[in-house]
Amino acid sequence: AQSVTQPDIHITVSEGASLELRCNYSYGATPYLFWYVQSPGQGLQLLLKYFSGDTLVQGIKGFEAEFKRSQSSFNLRKPSVHWSDAAEYFCAVGGRAQKLVFGQGTRLTINP
Amino acid sequence: KAGVTQTPRYLIKTRGQQVTLSCSPISGHRSVSWYQQTPGQGLQFLFEYFSETQRNKGNFPGRFSGRQFSNSRSEMNVSTLELGDSALYLCASIPTSGGGEGEQFFGPGTRLTVL
């Protein structure tokens with residue numbers, strides 16, 4: 001069965017510090033992997049996606065993620081966070097069936 | 001290009017009533033998915049439509065149904081509402097040609113409260 005685990009429910013970092021959000025997945029075939037961000041009361045915005053090819057993918061707002069097949073991981077990183085990055089982040093796995101399976105989300109708080 | 005539109009944005013119903021939510025996808029997108037988001041269960045897939053046909057269905061009771069029209073707009077219906085149906089319902093618009101397959105663009109959601 002497909003599943004996504006985001007081990008960290010809540011992370012607090014200082015503004016300007018680096019960030020890494022963890023994501024582990026279970027999927028029977030070659031996965032499509034996504035990171036979405038959700039601000040309070042809003043829908044989901046796609047940060048980046050991995051379908052194939054280069055395992056380090058760049059996204060919007062300075063985010064990047066690295067696909068590691070051997071570890072079944074797709075961690076999200078940002079070298080220096082801004083106060084506006086405070087939000088909830090969701091990792092998702094899917095395939096051509098167009099059904100996304102989401103992790104439980106990681107809430108990011110930024111300290112000034 | 002306009003984004004995904006969901007109406008209404010907020011809805012309050014009482015137990016036992018039924019509700020219909022609407023989603024207009026991005027122009028040119030022919031596939032629409034629906035998700036339910038609750039604090040306890042997180043984001044869960046409801047169903048997906050392509051060219052007026054339901055292609056995938058999640059693990060929800062038959063009270064949850066949907067349809068898609070020829071212009072790709074989609075509606076979902078929940079009958080005999082229960083308190084546990086209170087959630088944010090998200091619609092996603094999916095490109096089905098020209099690359100981007102698998103990528104889903106989400107609307108702002110409809111916040112349903114069942115009293």
# chains A, B, ... in the order shown; residues from 1 in each chain; ligands from 1

$ residues_around --residues "Thr113 in chain B" --least-positions-apart "3" --cutoff "7 Å" --atoms "only C-alpha atoms" --output "PDB file with N, CA, C and O atoms, in the first residue's frame"
ATOM      1  N   LEU B  11     -19.509  26.979   4.173  1.00  0.00           N
ATOM      2  CA  LEU B  11     -20.849  26.397   4.180  1.00  0.00           C
ATOM      3  C   LEU B  11     -21.128  25.855   5.575  1.00  0.00           C
ATOM      4  O   LEU B  11     -20.273  25.180   6.163  1.00  0.00           O
ATOM      5  N   ILE B  12     -22.310  26.147   6.077  1.00  0.00           N
ATOM      6  CA  ILE B  12     -22.735  25.580   7.357  1.00  0.00           C
ATOM      7  C   ILE B  12     -24.020  24.811   7.132  1.00  0.00           C
ATOM      8  O   ILE B  12     -24.984  25.354   6.571  1.00  0.00           O
ATOM      9  N   LYS B  13     -24.025  23.544   7.532  1.00  0.00           N
ATOM     10  CA  LYS B  13     -25.196  22.686   7.372  1.00  0.00           C
ATOM     11  C   LYS B  13     -25.471  21.988   8.698  1.00  0.00           C
ATOM     12  O   LYS B  13     -24.635  21.993   9.614  1.00  0.00           O
ATOM     13  N   SER B  86     -17.488  17.435   8.680  1.00  0.00           N
ATOM     14  CA  SER B  86     -16.922  18.786   8.765  1.00  0.00           C
ATOM     15  C   SER B  86     -15.460  18.730   8.337  1.00  0.00           C
ATOM     16  O   SER B  86     -14.664  17.974   8.920  1.00  0.00           O
ATOM     17  N   ALA B  87     -15.108  19.511   7.345  1.00  0.00           N
ATOM     18  CA  ALA B  87     -13.766  19.410   6.769  1.00  0.00           C
ATOM     19  C   ALA B  87     -13.566  20.519   5.752  1.00  0.00           C
ATOM     20  O   ALA B  87     -14.498  21.240   5.394  1.00  0.00           O
TER      21      ALA B  87
END

$ interface_residues --of "chain B" --to "chain A" --cutoff "9 Å" --atoms "only C-alpha atoms" --output "count of residues only"
27

$ residues_around --residues "range 13-30 of chain A" --least-positions-apart "6" --cutoff "8 Å" --atoms "only C-alpha atoms" --output "count of residues only"
30

$ select_by_dssp --residues "chain A" --states "strand (DSSP E)" --output "number ranges by chain"
A: 3-5, 10-14, 19-21, 24-26, 32-38, 44-50, 56-58, 64-68, 73-78, 87-94, 101-102, 106-111

$ closest_residue --among "B:Leu81, B:Asn59, B:Tyr10, B:Glu52" --to "Arg30 in chain B" --atoms "only C-alpha atoms"
B:Glu52

$ atom_distance --atom1 "CA of Val19 in chain B" --atom2 "CA of Val37 in chain A"
27.8 Å

$ atom_distance --atom1 "CA of Trp34 in chain B" --atom2 "CA of Ser52 in chain A"
25.6 Å

$ atom_distance --atom1 "CA of Glu75 in chain B" --atom2 "CA of Gln18 in chain B"
13.0 Å

$ residues_around --residues "Arg73 in chain B" --least-positions-apart "2" --cutoff "8 Å" --atoms "only C-alpha atoms" --output "list in words"
Ser22, Cys23, Ser24, Pro25, Gln68, Phe69, Ser70, Asn71 and Glu75 of chain B

$ select_by_dssp --residues "range 45-101 of chain A" --states "helix (DSSP H, G or I)" --output "JSON, numbers by chain"
{"A": [60, 61, 62, 69, 70, 71, 83, 84, 85]}
